[in-house]
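my_file_21.cif (mmCIF, C-alpha atoms and all ligand atoms; chains and numbers go by the auth columns)
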```cif
data_my_file
#
loop_
_atom_site.group_PDB
_atom_site.id
_atom_site.type_symbol
_atom_site.label_atom_id
_atom_site.label_comp_id
_atom_site.label_asym_id
_atom_site.label_seq_id
_atom_site.Cartn_x
_atom_site.Cartn_y
_atom_site.Cartn_z
_atom_site.B_iso_or_equiv
_atom_site.auth_seq_id
_atom_site.auth_asym_id
ATOM 1 C CA MET A 1 -3.667 29.178 -5.517 0.00 1 Z
ATOM 2 C CA SER A 2 -7.461 29.483 -5.328 0.00 2 Z
ATOM 3 C CA SER A 3 -9.451 31.481 -7.825 0.00 3 Z
ATOM 4 C CA GLU A 4 -12.827 33.108 -7.302 0.00 4 Z
ATOM 5 C CA LYS A 5 -15.140 34.344 -9.972 0.00 5 Z
ATOM 6 C CA GLN A 6 -18.802 35.188 -10.549 0.00 6 Z
ATOM 7 C CA ILE A 7 -20.671 33.833 -13.571 0.00 7 Z
ATOM 8 C CA LEU A 8 -23.892 35.457 -14.789 0.00 8 Z
ATOM 9 C CA SER A 9 -26.822 33.076 -15.112 0.00 9 Z
ATOM 10 C CA THR A 10 -30.614 32.873 -14.920 0.00 10 Z
ATOM 11 C CA CYS A 11 -32.580 31.348 -12.063 0.00 11 Z
ATOM 12 C CA ILE A 12 -34.106 28.056 -13.148 0.00 12 Z
ATOM 13 C CA TYR A 13 -36.894 27.828 -10.595 0.00 13 Z
ATOM 14 C CA CYS A 14 -39.717 29.798 -12.224 0.00 14 Z
ATOM 15 C CA GLY A 15 -40.744 31.712 -15.303 0.00 15 Z
ATOM 16 C CA CYS A 16 -39.734 35.122 -13.900 0.00 16 Z
ATOM 17 C CA GLY A 17 -36.177 34.434 -14.973 0.00 17 Z
ATOM 18 C CA CYS A 18 -34.320 36.487 -12.351 0.00 18 Z
ATOM 19 C CA GLY A 19 -30.660 37.147 -13.023 0.00 19 Z
ATOM 20 C CA PHE A 20 -27.880 36.234 -10.642 0.00 20 Z
ATOM 21 C CA TYR A 21 -24.215 35.389 -10.518 0.00 21 Z
ATOM 22 C CA PHE A 22 -22.977 31.992 -9.435 0.00 22 Z
ATOM 23 C CA LYS A 23 -20.083 32.408 -7.008 0.00 23 Z
ATOM 24 C CA VAL A 24 -17.414 29.944 -8.122 0.00 24 Z
ATOM 25 C CA LYS A 25 -14.275 29.086 -6.187 0.00 25 Z
ATOM 26 C CA ASP A 26 -11.792 26.403 -7.208 0.00 26 Z
ATOM 27 C CA GLY A 27 -14.239 25.057 -9.789 0.00 27 Z
ATOM 28 C CA ARG A 28 -17.127 24.701 -7.331 0.00 28 Z
ATOM 29 C CA ILE A 29 -20.281 26.792 -7.061 0.00 29 Z
ATOM 30 C CA ASN A 30 -20.696 28.028 -3.497 0.00 30 Z
ATOM 31 C CA GLY A 31 -23.549 30.518 -3.682 0.00 31 Z
ATOM 32 C CA VAL A 32 -25.372 33.144 -5.693 0.00 32 Z
ATOM 33 C CA VAL A 33 -25.409 36.940 -5.783 0.00 33 Z
ATOM 34 C CA PRO A 34 -28.403 38.736 -7.352 0.00 34 Z
ATOM 35 C CA SER A 35 -27.736 40.873 -10.387 0.00 35 Z
ATOM 36 C CA LYS A 36 -28.355 44.530 -9.508 0.00 36 Z
ATOM 37 C CA ASN A 37 -28.722 45.519 -13.153 0.00 37 Z
ATOM 38 C CA HIS A 38 -31.093 42.737 -14.214 0.00 38 Z
ATOM 39 C CA PRO A 39 -34.375 44.211 -15.559 0.00 39 Z
ATOM 40 C CA ILE A 40 -36.542 41.603 -13.803 0.00 40 Z
ATOM 41 C CA ASN A 41 -35.214 41.338 -10.269 0.00 41 Z
ATOM 42 C CA LYS A 42 -33.049 44.481 -9.904 0.00 42 Z
ATOM 43 C CA GLY A 43 -30.878 43.079 -7.119 0.00 43 Z
ATOM 44 C CA SER A 44 -33.514 40.931 -5.378 0.00 44 Z
ATOM 45 C CA LEU A 45 -34.161 37.197 -5.260 0.00 45 Z
ATOM 46 C CA CYS A 46 -36.817 35.098 -3.553 0.00 46 Z
ATOM 47 C CA ILE A 47 -35.778 32.289 -1.203 0.00 47 Z
ATOM 48 C CA LYS A 48 -35.664 29.787 -4.061 0.00 48 Z
ATOM 49 C CA GLY A 49 -33.315 31.981 -6.047 0.00 49 Z
ATOM 50 C CA TRP A 50 -30.993 32.501 -3.074 0.00 50 Z
ATOM 51 C CA ASN A 51 -30.713 28.711 -2.781 0.00 51 Z
ATOM 52 C CA ALA A 52 -30.514 27.937 -6.497 0.00 52 Z
ATOM 53 C CA SER A 53 -26.999 26.551 -6.223 0.00 53 Z
ATOM 54 C CA GLU A 54 -27.514 24.126 -3.320 0.00 54 Z
ATOM 55 C CA PHE A 55 -28.329 21.052 -5.387 0.00 55 Z
ATOM 56 C CA VAL A 56 -25.302 21.313 -7.674 0.00 56 Z
ATOM 57 C CA HIS A 57 -22.770 19.613 -5.396 0.00 57 Z
ATOM 58 C CA HIS A 58 -25.206 17.909 -3.013 0.00 58 Z
ATOM 59 C CA PRO A 59 -23.945 14.426 -2.029 0.00 59 Z
ATOM 60 C CA ASP A 60 -27.370 12.865 -2.692 0.00 60 Z
ATOM 61 C CA ARG A 61 -27.456 14.121 -6.258 0.00 61 Z
ATOM 62 C CA LEU A 62 -27.441 11.393 -8.881 0.00 62 Z
ATOM 63 C CA THR A 63 -24.359 11.708 -11.038 0.00 63 Z
ATOM 64 C CA GLU A 64 -24.663 8.534 -13.068 0.00 64 Z
ATOM 65 C CA PRO A 65 -27.578 6.688 -14.680 0.00 65 Z
ATOM 66 C CA LEU A 66 -29.478 3.943 -12.886 0.00 66 Z
ATOM 67 C CA ILE A 67 -31.501 1.207 -14.589 0.00 67 Z
ATOM 68 C CA LYS A 68 -34.230 -0.597 -12.674 0.00 68 Z
ATOM 69 C CA GLU A 69 -34.217 -4.376 -13.100 0.00 69 Z
ATOM 70 C CA ASN A 70 -36.320 -6.789 -11.078 0.00 70 Z
ATOM 71 C CA GLY A 71 -37.318 -3.972 -8.738 0.00 71 Z
ATOM 72 C CA LYS A 72 -33.757 -2.837 -8.002 0.00 72 Z
ATOM 73 C CA PHE A 73 -31.589 -0.089 -9.415 0.00 73 Z
ATOM 74 C CA ARG A 74 -28.157 -0.821 -10.838 0.00 74 Z
ATOM 75 C CA LYS A 75 -25.577 1.607 -12.133 0.00 75 Z
ATOM 76 C CA ALA A 76 -25.254 1.887 -15.897 0.00 76 Z
ATOM 77 C CA SER A 77 -23.176 3.757 -18.418 0.00 77 Z
ATOM 78 C CA TRP A 78 -24.688 6.778 -20.168 0.00 78 Z
ATOM 79 C CA LYS A 79 -24.522 4.872 -23.457 0.00 79 Z
ATOM 80 C CA GLU A 80 -26.498 1.927 -22.078 0.00 80 Z
ATOM 81 C CA ALA A 81 -29.058 4.143 -20.322 0.00 81 Z
ATOM 82 C CA LEU A 82 -29.640 6.375 -23.340 0.00 82 Z
ATOM 83 C CA SER A 83 -29.901 3.394 -25.703 0.00 83 Z
ATOM 84 C CA LEU A 84 -32.493 1.772 -23.444 0.00 84 Z
ATOM 85 C CA THR A 85 -34.426 5.055 -23.166 0.00 85 Z
ATOM 86 C CA VAL A 86 -34.526 5.525 -26.942 0.00 86 Z
ATOM 87 C CA LYS A 87 -35.593 1.901 -27.463 0.00 87 Z
ATOM 88 C CA LYS A 88 -38.439 2.163 -24.931 0.00 88 Z
ATOM 89 C CA LEU A 89 -39.665 5.531 -26.205 0.00 89 Z
ATOM 90 C CA LYS A 90 -39.714 4.251 -29.791 0.00 90 Z
ATOM 91 C CA GLU A 91 -41.564 1.088 -28.735 0.00 91 Z
ATOM 92 C CA HIS A 92 -44.259 3.067 -26.907 0.00 92 Z
ATOM 93 C CA LYS A 93 -44.657 5.525 -29.767 0.00 93 Z
ATOM 94 C CA GLU A 94 -45.031 2.754 -32.358 0.00 94 Z
ATOM 95 C CA LYS A 95 -47.396 0.700 -30.224 0.00 95 Z
ATOM 96 C CA SER A 96 -49.636 3.440 -28.786 0.00 96 Z
ATOM 97 C CA GLY A 97 -48.941 6.656 -30.730 0.00 97 Z
ATOM 98 C CA PRO A 98 -46.999 9.816 -29.865 0.00 98 Z
ATOM 99 C CA ASP A 99 -49.544 11.039 -27.316 0.00 99 Z
ATOM 100 C CA SER A 100 -48.938 7.950 -25.223 0.00 100 Z
ATOM 101 C CA LEU A 101 -45.658 9.663 -24.293 0.00 101 Z
ATOM 102 C CA ALA A 102 -45.138 12.533 -21.867 0.00 102 Z
ATOM 103 C CA PHE A 103 -41.941 14.469 -21.190 0.00 103 Z
ATOM 104 C CA PHE A 104 -41.410 16.111 -17.829 0.00 104 Z
ATOM 105 C CA ALA A 105 -38.442 18.468 -17.574 0.00 105 Z
ATOM 106 C CA SER A 106 -36.521 19.563 -14.524 0.00 106 Z
ATOM 107 C CA ALA A 107 -35.680 22.843 -12.821 0.00 107 Z
ATOM 108 C CA LYS A 108 -32.297 21.278 -12.109 0.00 108 Z
ATOM 109 C CA CYS A 109 -31.403 21.709 -15.769 0.00 109 Z
ATOM 110 C CA SER A 110 -30.442 24.913 -17.516 0.00 110 Z
ATOM 111 C CA ASN A 111 -32.987 26.823 -19.596 0.00 111 Z
ATOM 112 C CA GLU A 112 -31.074 25.779 -22.693 0.00 112 Z
ATOM 113 C CA GLU A 113 -31.272 22.091 -21.734 0.00 113 Z
ATOM 114 C CA ASN A 114 -35.006 22.432 -21.100 0.00 114 Z
ATOM 115 C CA TYR A 115 -35.462 24.082 -24.478 0.00 115 Z
ATOM 116 C CA LEU A 116 -33.729 21.128 -26.155 0.00 116 Z
ATOM 117 C CA PHE A 117 -35.891 18.739 -24.129 0.00 117 Z
ATOM 118 C CA MET A 118 -39.031 20.500 -25.418 0.00 118 Z
ATOM 119 C CA LYS A 119 -37.692 20.172 -28.980 0.00 119 Z
ATOM 120 C CA LEU A 120 -37.059 16.475 -28.407 0.00 120 Z
ATOM 121 C CA ALA A 121 -40.684 15.972 -27.330 0.00 121 Z
ATOM 122 C CA ARG A 122 -42.319 18.071 -30.036 0.00 122 Z
ATOM 123 C CA ALA A 123 -40.035 17.766 -33.063 0.00 123 Z
ATOM 124 C CA VAL A 124 -38.674 14.242 -32.626 0.00 124 Z
ATOM 125 C CA PHE A 125 -41.447 12.362 -30.818 0.00 125 Z
ATOM 126 C CA LYS A 126 -44.312 14.514 -32.167 0.00 126 Z
ATOM 127 C CA THR A 127 -46.121 15.090 -28.898 0.00 127 Z
ATOM 128 C CA ASN A 128 -47.089 18.261 -27.093 0.00 128 Z
ATOM 129 C CA ASN A 129 -47.146 16.371 -23.799 0.00 129 Z
ATOM 130 C CA VAL A 130 -44.227 18.290 -22.338 0.00 130 Z
ATOM 131 C CA ASP A 131 -44.150 20.147 -19.046 0.00 131 Z
ATOM 132 C CA HIS A 132 -41.779 21.416 -16.388 0.00 132 Z
ATOM 133 C CA CYS A 133 -41.873 21.113 -12.614 0.00 133 Z
ATOM 134 C CA ALA A 134 -41.424 24.897 -12.165 0.00 134 Z
ATOM 135 C CA ARG A 135 -44.863 25.438 -13.726 0.00 135 Z
ATOM 136 C CA LEU A 136 -46.676 23.616 -10.921 0.00 136 Z
HETATM 137 S S1 LIG B . -35.481 34.039 -7.789 0.00 201 Q
HETATM 138 FE FE1 LIG B . -37.544 33.376 -7.290 0.00 201 Q
HETATM 139 S S2 LIG B . -38.898 34.731 -8.497 0.00 201 Q
HETATM 140 FE FE2 LIG B . -36.810 34.854 -9.385 0.00 201 Q
HETATM 141 S S3 LIG B . -36.783 33.283 -11.045 0.00 201 Q
HETATM 142 FE FE3 LIG B . -35.969 32.329 -9.184 0.00 201 Q
HETATM 143 S S4 LIG B . -37.763 31.358 -8.255 0.00 201 Q
HETATM 144 FE FE4 LIG B . -38.527 32.847 -9.720 0.00 201 Q
#
```
Output the structure of this file as structure tokens.
Amino acid sequence: MSSEKQILSTCIYCGCGCGFYFKVKDGRINGVVPSKNHPINKGSLCIKGWNASEFVHHPDRLTEPLIKENGKFRKASWKEALSLTVKKLKEHKEKSGPDSLAFFASAKCSNEENYLFMKLARAVFKTNNVDHCARL
């Protein structure tokens, strides 16, 4: 038996923050519906908002970490990839200072994930070099 539901969320593509519902069927997102009551968009979305769910289940989407060695990518576990990332970030910070680092967030993450990413840059690595592709 299939189940359909709509889950309220916020568009991740720009700072307007339009509200919409993800249409979810059998555990998969298959579209969006604008929120009619949202104070920002009042039932409208731009073309980016209407397509805000397309990347979620796209077959080309990376779903596991890749590590580049000798010019080629190989699959890695999350533990290995995160350990390597932490090691490299610490090395760069110690060698060249916190402003030698820059953090670039993604519109393919939730607002909450991007907030945590900003905290990681500023509070943990002590740099204000943090930006987001939706601000371009
Ligand atoms: S729907 Fe368009 S205007 Fe609204 S937040 Fe998304 S990208 Fe911005």
*May I have the residues within 9 Å of ligand LIG 201 (chain Q), computed using all atoms listed in the file, as a ChimeraX atom specification?*
/Z:10-20,34,40-41,44-52,134
*Work out how far CA of Leu84 (chain Z) is from CA of Leu101 (chain Z), in Å to one decimal.*
15.4 Å
*Would you mind telling me which residue in Z:Ala107, Z:Lys126, Z:Phe117, Z:Ser77 lies nearest to Glu94 (chain Z) when using all atoms listed in the file?*
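Ranked by minimum distance to Glu94 (chain Z), first place goes to Z:Lys126.
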*Would you mind listing what lies within 7 Å of Val130 (chain Z) as a PyMOL selection string, with only C-alpha atoms counted and same-chain residues fewer than 3 positions away left out?*
chain Z and resi 102-104+118+121
*Find the residues near Val56 (chain Z): any atom within 10 Å, counting all atoms listed in the file, skip ones fewer than 3 places away on the same chain, and give them as JSON, numbers by chain.*
{"Z": [28, 29, 30, 52, 53, 59, 61, 108]}
*asked:* Can you measure CA of Ser110 (chain Z) to CA of Ser3 (chain Z) for me? One decimal in Å is fine.
replied: 24.0 Å
_Matched chain/residue IDs from the PyMOL selection byres (((chain Z and resi 64) around 10) and not hetatm), as a ChimeraX atom specification_ = /Z:61-63,65-66,75-78,81
Residue subset to file, keeping C-alpha atoms, as a PDB file, keeping the file's coordinate frame:
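To be explicit, this is the file written out as again_16.pdb:
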```
ATOM      1  CA  ARG Z  61     -27.456  14.121  -6.258  1.00  0.00           C
ATOM      2  CA  LEU Z  62     -27.441  11.393  -8.881  1.00  0.00           C
ATOM      3  CA  THR Z  63     -24.359  11.708 -11.038  1.00  0.00           C
ATOM      4  CA  PRO Z  65     -27.578   6.688 -14.680  1.00  0.00           C
ATOM      5  CA  LEU Z  66     -29.478   3.943 -12.886  1.00  0.00           C
ATOM      6  CA  LYS Z  75     -25.577   1.607 -12.133  1.00  0.00           C
ATOM      7  CA  ALA Z  76     -25.254   1.887 -15.897  1.00  0.00           C
ATOM      8  CA  SER Z  77     -23.176   3.757 -18.418  1.00  0.00           C
ATOM      9  CA  TRP Z  78     -24.688   6.778 -20.168  1.00  0.00           C
ATOM     10  CA  ALA Z  81     -29.058   4.143 -20.322  1.00  0.00           C
TER      11      ALA Z  81
END
```
*Between Z:His132, Z:Lys68, Z:Asn37, Z:Asp26, which has the minimum distance to Glu113 (chain Z) (counting all atoms listed in the file)?*
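Checking each of Z:His132, Z:Lys68, Z:Asn37, Z:Asp26 against Glu113 (chain Z), counting all atoms listed in the file, the winner is Z:His132.
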*In Å, how far is it from CA of Pro98 (chain Z) to CA of Thr127 (chain Z)?*
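Atom-to-atom, CA of Pro98 (chain Z) and CA of Thr127 (chain Z) are spaced 5.4 Å apart.
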*asked:* For a quick check of understanding, using only C-alpha atoms, which of Z:Ser9, Z:Asn129, Z:Lys23, Z:Val124 has the smallest distance to Lys90 (chain Z)?
replied: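 Of all the options, Z:Val124 lies closest to Lys90 (chain Z).
Summary of the local environment: counting all atoms listed in the file, residues at most 8 Å from Val24 (chain Z), other than itself and those fewer than 5 positions away along its chain, are Glu4, Lys5, Gln6, Ile7, Ile29, Asn30 and Gly31 of chain Z.
Across Z:Cys109, Z:Lys36, Z:Ser96, Z:Thr85, the tightest approach to Phe55 (chain Z) is made by Z:Cys109 when counting only C-alpha atoms.
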